[in-house]
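Data file: my_file.txt. Format and content: compact mmCIF, C-alpha atoms.
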# COMPACT_ATOMS: atom_id res chain seq x y z
CA MET A 8 9.35 -6.45 4.59
CA LEU A 9 7.31 -4.28 2.26
CA THR A 10 5.75 -5.67 -0.91
CA TYR A 11 3.79 -3.97 -3.70
CA LEU A 12 1.54 -6.30 -5.69
CA TRP A 13 -1.11 -5.68 -8.33
CA ALA A 14 -4.16 -7.90 -7.91
CA ASN A 15 -3.16 -9.93 -10.97
CA GLN A 16 0.12 -10.81 -9.24
CA LEU A 17 -1.43 -12.22 -6.06
CA ALA A 18 -1.67 -15.74 -7.48
CA LYS A 19 2.13 -15.90 -7.44
CA ARG A 20 2.08 -15.35 -3.65
CA PRO A 21 -0.77 -17.61 -2.41
CA LEU A 22 0.30 -17.67 1.26
CA LEU A 23 0.55 -13.89 1.41
CA ARG A 24 -2.69 -13.45 -0.56
CA ASP A 25 -4.72 -15.87 1.56
CA SER A 26 -3.47 -14.52 4.88
CA MET A 27 -4.28 -10.97 3.74
CA PHE A 28 -7.88 -11.76 2.86
CA ARG A 29 -8.33 -13.79 6.08
CA ASP A 30 -6.88 -10.96 8.16
CA ARG A 31 -9.27 -8.59 6.44
CA ALA A 32 -12.17 -10.84 7.44
CA ASP A 33 -10.88 -10.95 11.01
CA GLN A 34 -10.53 -7.18 11.25
CA PHE A 35 -13.57 -5.93 9.38
CA LYS A 36 -16.09 -8.69 10.14
CA THR A 37 -15.01 -10.17 13.48
CA ARG A 38 -13.43 -7.26 15.31
CA LEU A 39 -15.20 -4.23 13.79
CA ASN A 40 -18.50 -5.95 12.92
CA TRP A 41 -18.75 -4.27 9.53
CA GLN A 42 -21.39 -5.48 7.12
CA VAL A 43 -18.94 -7.23 4.78
CA GLU A 44 -19.11 -10.59 3.04
CA VAL A 45 -16.80 -13.44 4.05
CA ASP A 46 -16.63 -16.39 1.67
CA GLN A 47 -16.30 -20.13 2.37
CA ASP A 48 -12.52 -19.81 2.48
CA GLY A 49 -12.73 -17.18 5.21
CA PHE A 50 -11.73 -14.38 2.83
CA GLU A 51 -13.07 -10.83 2.94
CA LYS A 52 -13.09 -9.64 -0.67
CA ASP A 53 -15.28 -7.13 -2.45
CA GLU A 54 -15.99 -5.96 -5.97
CA TYR A 55 -13.07 -3.53 -5.96
CA ASP A 56 -10.57 -6.35 -5.49
CA ALA A 57 -11.61 -7.46 -8.98
CA LEU A 58 -10.51 -4.13 -10.53
CA ASP A 59 -6.76 -4.92 -10.36
CA PRO A 60 -5.90 -2.52 -7.54
CA LEU A 61 -2.40 -2.08 -6.17
CA TYR A 62 -1.87 -3.65 -2.75
CA VAL A 63 0.73 -2.29 -0.36
CA ILE A 64 1.55 -5.19 1.97
CA TRP A 65 3.84 -5.66 4.95
CA GLU A 66 4.79 -9.32 5.25
CA SER A 67 6.43 -11.30 8.03
CA PRO A 68 9.71 -13.22 7.54
CA GLN A 69 7.50 -16.29 7.05
CA GLY A 70 5.70 -14.63 4.13
CA LEU A 71 2.47 -13.97 6.02
CA HIS A 72 0.40 -10.81 5.86
CA GLN A 73 0.84 -8.38 8.77
CA GLY A 74 -0.78 -5.30 7.28
CA SER A 75 -1.99 -3.86 3.98
CA LEU A 76 -3.95 -1.23 2.16
CA ARG A 77 -5.45 -1.02 -1.32
CA LEU A 78 -4.99 1.73 -3.93
CA LEU A 79 -7.18 2.43 -6.97
CA PRO A 80 -7.04 5.32 -9.47
CA THR A 81 -10.22 7.41 -9.37
CA THR A 82 -10.42 7.31 -13.18
CA GLY A 83 -12.25 3.98 -12.72
CA ARG A 84 -14.82 2.76 -10.23
CA THR A 85 -14.10 3.47 -6.57
CA MET A 86 -15.84 2.77 -3.29
CA ILE A 87 -16.20 6.46 -2.49
CA GLU A 88 -17.78 7.30 -5.84
CA ASP A 89 -20.14 4.30 -5.75
CA HIS A 90 -21.25 4.47 -2.11
CA PHE A 91 -20.31 7.80 -0.52
CA SER A 92 -20.64 10.39 -3.28
CA HIS A 93 -23.53 11.98 -1.36
CA LEU A 94 -20.95 13.23 1.16
CA LEU A 95 -18.75 14.92 -1.40
CA ASN A 96 -20.95 17.56 -3.06
CA ALA A 97 -18.84 17.40 -6.24
CA GLN A 98 -15.58 17.83 -4.29
CA MET A 99 -13.95 14.88 -6.03
CA THR A 100 -13.07 15.06 -9.72
CA PRO A 101 -11.79 11.74 -11.11
CA SER A 102 -8.16 12.03 -12.16
CA SER A 103 -5.12 9.85 -12.79
CA LYS A 104 -3.42 12.01 -10.15
CA LEU A 105 -6.02 11.19 -7.49
CA TRP A 106 -6.14 7.65 -6.09
CA GLU A 107 -8.43 6.04 -3.53
CA CYS A 108 -7.00 4.26 -0.50
CA SER A 109 -9.17 1.61 1.15
CA ARG A 110 -9.11 -1.57 3.25
CA PHE A 111 -6.37 -0.42 5.63
CA CYS A 112 -5.87 -3.64 7.61
CA LEU A 113 -3.57 -4.72 10.41
CA ALA A 114 -3.25 -8.35 11.43
CA ARG A 115 -3.76 -9.25 15.07
CA HIS A 116 -0.53 -8.74 16.99
CA ALA A 117 1.13 -6.95 14.07
CA PRO A 118 4.27 -5.05 15.18
CA ARG A 119 3.63 -1.40 16.00
CA HIS A 120 5.75 -0.13 13.12
CA VAL A 121 3.58 -1.79 10.45
CA ALA A 122 0.97 0.97 10.22
CA SER A 123 3.53 3.74 9.72
CA ASN A 124 5.41 1.63 7.16
CA LEU A 125 2.21 1.14 5.18
CA MET A 126 1.45 4.84 5.12
CA LEU A 127 5.02 5.64 4.10
CA ALA A 128 4.92 3.03 1.33
CA ALA A 129 1.59 4.37 0.06
CA GLY A 130 3.24 7.77 -0.15
CA GLU A 131 6.12 6.28 -2.14
CA ALA A 132 3.59 4.84 -4.58
CA MET A 133 2.06 8.29 -4.96
CA VAL A 134 5.46 9.81 -5.70
CA GLY A 135 6.44 6.98 -8.02
CA PHE A 136 3.28 7.06 -10.11
CA GLY A 137 2.95 10.85 -10.16
CA VAL A 138 -0.12 10.88 -7.91
CA THR A 139 -0.60 14.21 -6.15
CA ASP A 140 -3.44 13.28 -3.77
CA CYS A 141 -4.96 10.23 -2.13
CA ILE A 142 -8.57 10.09 -0.88
CA ALA A 143 -10.13 7.72 1.64
CA ILE A 144 -13.24 7.07 3.66
CA PHE A 145 -12.66 6.23 7.33
CA ASP A 146 -14.20 5.93 10.78
CA GLN A 147 -13.27 7.58 14.07
CA ARG A 148 -10.85 4.78 14.94
CA MET A 149 -8.81 5.32 11.77
CA MET A 150 -8.86 9.07 12.32
CA ARG A 151 -7.10 8.47 15.66
CA ILE A 152 -4.57 6.15 14.02
CA TYR A 153 -3.76 8.68 11.31
CA ARG A 154 -3.27 11.36 13.97
CA LEU A 155 -0.89 9.15 15.97
CA LEU A 156 1.09 8.39 12.81
CA GLY A 157 1.47 12.06 12.01
CA ALA A 158 -0.43 11.45 8.76
CA GLN A 159 -3.76 13.12 9.45
CA PRO A 160 -5.69 13.82 6.24
CA ARG A 161 -7.40 17.05 5.28
CA LEU A 162 -11.02 16.36 6.15
CA ILE A 163 -13.30 17.39 3.29
CA ALA A 164 -16.57 15.78 4.39
CA SER A 165 -18.02 13.98 7.40
CA LEU A 166 -21.24 12.61 8.78
CA GLY A 167 -22.21 11.56 12.31
CA ARG A 168 -20.26 11.43 15.55
CA GLY A 169 -18.52 8.86 17.71
CA LYS A 170 -19.01 5.31 16.46
CA ASP A 171 -21.32 6.68 13.75
CA PHE A 172 -18.68 9.04 12.36
CA VAL A 173 -17.82 8.67 8.67
CA GLY A 174 -15.17 10.95 7.22
CA VAL A 175 -13.67 11.57 3.81
CA GLY A 176 -10.15 12.94 3.73
CA ILE A 177 -7.36 13.76 1.30
CA TRP A 178 -3.61 13.31 1.74
CA THR A 179 -0.91 15.17 -0.14
CA PHE A 180 2.46 13.48 0.35
CA THR A 181 4.86 16.31 1.16
CA SER A 182 8.55 16.17 2.02
CA GLN A 183 7.62 17.15 5.57
CA ASN A 184 5.19 14.29 6.25
CA ARG A 185 7.44 11.91 4.33
CA GLU A 186 10.22 12.67 6.82
CA ALA A 187 7.83 12.39 9.79
CA LEU A 188 6.51 9.03 8.63
CA SER A 189 9.99 7.70 7.93
CA GLN A 190 10.98 8.54 11.51
CA LYS A 191 7.85 6.82 12.87
CA ALA A 192 8.54 3.78 10.70
CA GLY A 193 12.24 3.65 11.52
CA VAL A 194 13.07 3.62 7.82
CA SER A 195 15.19 6.21 6.03
CA VAL A 196 13.68 8.19 3.17
CA LYS A 197 16.30 6.65 0.86
CA ALA A 198 15.42 3.11 1.90
CA SER A 199 11.73 3.89 1.55
CA ALA A 200 12.22 5.02 -2.05
CA LYS A 201 14.04 1.76 -2.77
CA TRP A 202 10.88 -0.20 -1.92
CA PHE A 203 9.14 1.32 -4.89
CA ASP A 204 12.17 1.05 -7.17
CA TYR A 205 12.61 -2.63 -6.29
CA ALA A 206 9.00 -3.37 -7.24
CA PHE A 207 8.65 -1.20 -10.32
CA GLY A 208 12.10 0.03 -11.31
CA SER A 209 13.33 3.59 -10.98
CA SER A 210 12.48 4.26 -14.64
CA CYS A 211 8.78 3.93 -13.72
CA ARG A 212 8.87 7.10 -11.65
CA LYS A 213 6.94 10.01 -13.11

Render the structure in this file as structure tokens.
Amino acid sequence: MLTYLWANQLAKRPLLRDSMFRDRADQFKTRLNWQVEVDQDGFEKDEYDALDPLYVIWESPQGLHQGSLRLLPTTGRTMIEDHFSHLLNAQMTPSSKLWECSRFCLARHAPRHVASNLMLAAGEAMVGFGVTDCIAIFDQRMMRIYRLLGAQPRLIASLGRGKDFVGVGIWTFTSQNREALSQKAGVSVKASAKWFDYAFGSSCRK
């Protein structure tokens, strides 16, 4: 099932929270060998987790993390602005209508539909909060995943090739890619919208 949680709500779901941060350590540190910090509890957390981001999480029937991503408004600090602004050449103007997506994570052996469900749910959050665009930094592996999901971003900057590739892209959640993602996820557009409404209430929509 799909769950939206702000960082300040994670304490209410300790099993889901802990398995998410451990799966992040497994993916980013163990499997991808990124230069990330893993604490004594086996959690991969960074400074942006302390900024009360919104987590989009797919959980198993047992309440364990199977996949997630993190969303932050660009009106505050973001990973791209702090560490990759040299790629942008002033192409990103902070705005409440532009959010950053980061830490796209899939647990080992996660069902194939999880990735498409996460992208669809992130799009629902954009619609619900009146966000027009989402920006992310990604490697070549994620570029392939986005392409397979039918959710390829508009590439606005890149550096390097192959395993050294770093790209910055922007998504605009249109009715066309919403329908395509819903088909990939096996979830109707109506049911997808209910995820957001269940978490935040339909009156929250902008």

Please provide the set of residues having any atom within 10 Å of range 156-163 of chain A, restricted to all atoms listed in the file, with same-chain residues fewer than 3 positions apart removed, written as an MDAnalysis selection string. chainID A and resid 94:96 98:99 120 122:124 126:127 141:144 149:153 174:180 184:185 187:188 190:192

Who sits within 12 Å of Arg84 in chain A, all atoms listed in the file, same chain under 3 positions skipped, as a PyMOL selection string: chain A and resi 54-60+78-81+87-90+92+101-102+106-107

Could the residues in this selection be written to a file with C-alpha atoms, as a short mmCIF file (atom, residue, chain, number, x, y, z; two decimals), in the frame of the given file?
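Produced file result_2.cif, reproduced below:
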data_model
loop_
_atom_site.label_atom_id
_atom_site.label_comp_id
_atom_site.auth_asym_id
_atom_site.auth_seq_id
_atom_site.Cartn_x
_atom_site.Cartn_y
_atom_site.Cartn_z
CA GLU A 54 -15.99 -5.96 -5.97
CA TYR A 55 -13.07 -3.53 -5.96
CA ASP A 56 -10.57 -6.35 -5.49
CA ALA A 57 -11.61 -7.46 -8.98
CA LEU A 58 -10.51 -4.13 -10.53
CA ASP A 59 -6.76 -4.92 -10.36
CA PRO A 60 -5.90 -2.52 -7.54
CA LEU A 78 -4.99 1.73 -3.93
CA LEU A 79 -7.18 2.43 -6.97
CA PRO A 80 -7.04 5.32 -9.47
CA THR A 81 -10.22 7.41 -9.37
CA ILE A 87 -16.20 6.46 -2.49
CA GLU A 88 -17.78 7.30 -5.84
CA ASP A 89 -20.14 4.30 -5.75
CA HIS A 90 -21.25 4.47 -2.11
CA SER A 92 -20.64 10.39 -3.28
CA PRO A 101 -11.79 11.74 -11.11
CA SER A 102 -8.16 12.03 -12.16
CA TRP A 106 -6.14 7.65 -6.09
CA GLU A 107 -8.43 6.04 -3.53
#

From A:Asn40, A:Thr100, A:Gly130, A:Asp33, residue lying nearest Trp202 in chain A [all atoms listed in the file]: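 Of A:Asn40, A:Thr100, A:Gly130, A:Asp33, the one nearest Trp202 in chain A, counting all atoms listed in the file, is A:Gly130.
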
Could you state the separation of CA of Glu44 in chain A and CA of Gly83 in chain A in Å, given to one decimal place? 22.5 Å

Figure out the distance between CA of His72 in chain A and CA of Phe172 in chain A, please, to one decimal in Å. 28.3 Å

Neighbourhood query: residues within 10 Å of (12.2, 6.9, 0.0), file coordinates, counting only C-alpha atoms; return as a list in words.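 I get Leu127, Ala128, Gly130, Glu131, Ala132, Val134, Gly135, Arg185, Glu186, Ser189, Val194, Ser195, Val196, Lys197, Ala198, Ser199, Ala200, Lys201, Trp202, Phe203 and Asp204 of chain A for the residues within 10 Å of that point.
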
Work out how far apart CA of Tyr11 in chain A and CA of Leu61 in chain A are and give it in Å to one decimal. 6.9 Å

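For Leu9 in chain A, the residues within 7 Å (counting all atoms listed in the file, excluding itself and residues fewer than 5 positions away along the chain) are Ile64, Trp65, Glu66 and Trp202 of chain A.
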
Nearest to Trp41 in chain A by atom-to-atom distance, counting only C-alpha atoms, from A:Met86, A:Lys170, A:Leu23, A:Ser103: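 Nearest to Trp41 in chain A: A:Lys170.
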
Shortest interatomic distance to Val63 in chain A - which of A:Val43, A:Leu125, A:Pro118, A:Ser26, counting all atoms listed in the file: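 Using all atoms listed in the file, the shortest distance to Val63 in chain A belongs to A:Leu125.
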
Within 12 Å of Lys36 in chain A, counting only C-alpha atoms, which residues qualify if same-chain residues fewer than 5 places away don't, as a ChimeraX atom specification? /A:28-31,41-46,49-52,112

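Counting only C-alpha atoms and comparing A:Phe111, A:Trp13, A:Tyr205, A:Tyr62, the residue that lies closest to Asp146 in chain A is A:Phe111.
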
Across A:Leu76, A:Leu166, A:Val121, A:Leu105, the smallest distance to Leu12 in chain A, with all atoms listed in the file counted, is shown by A:Leu76
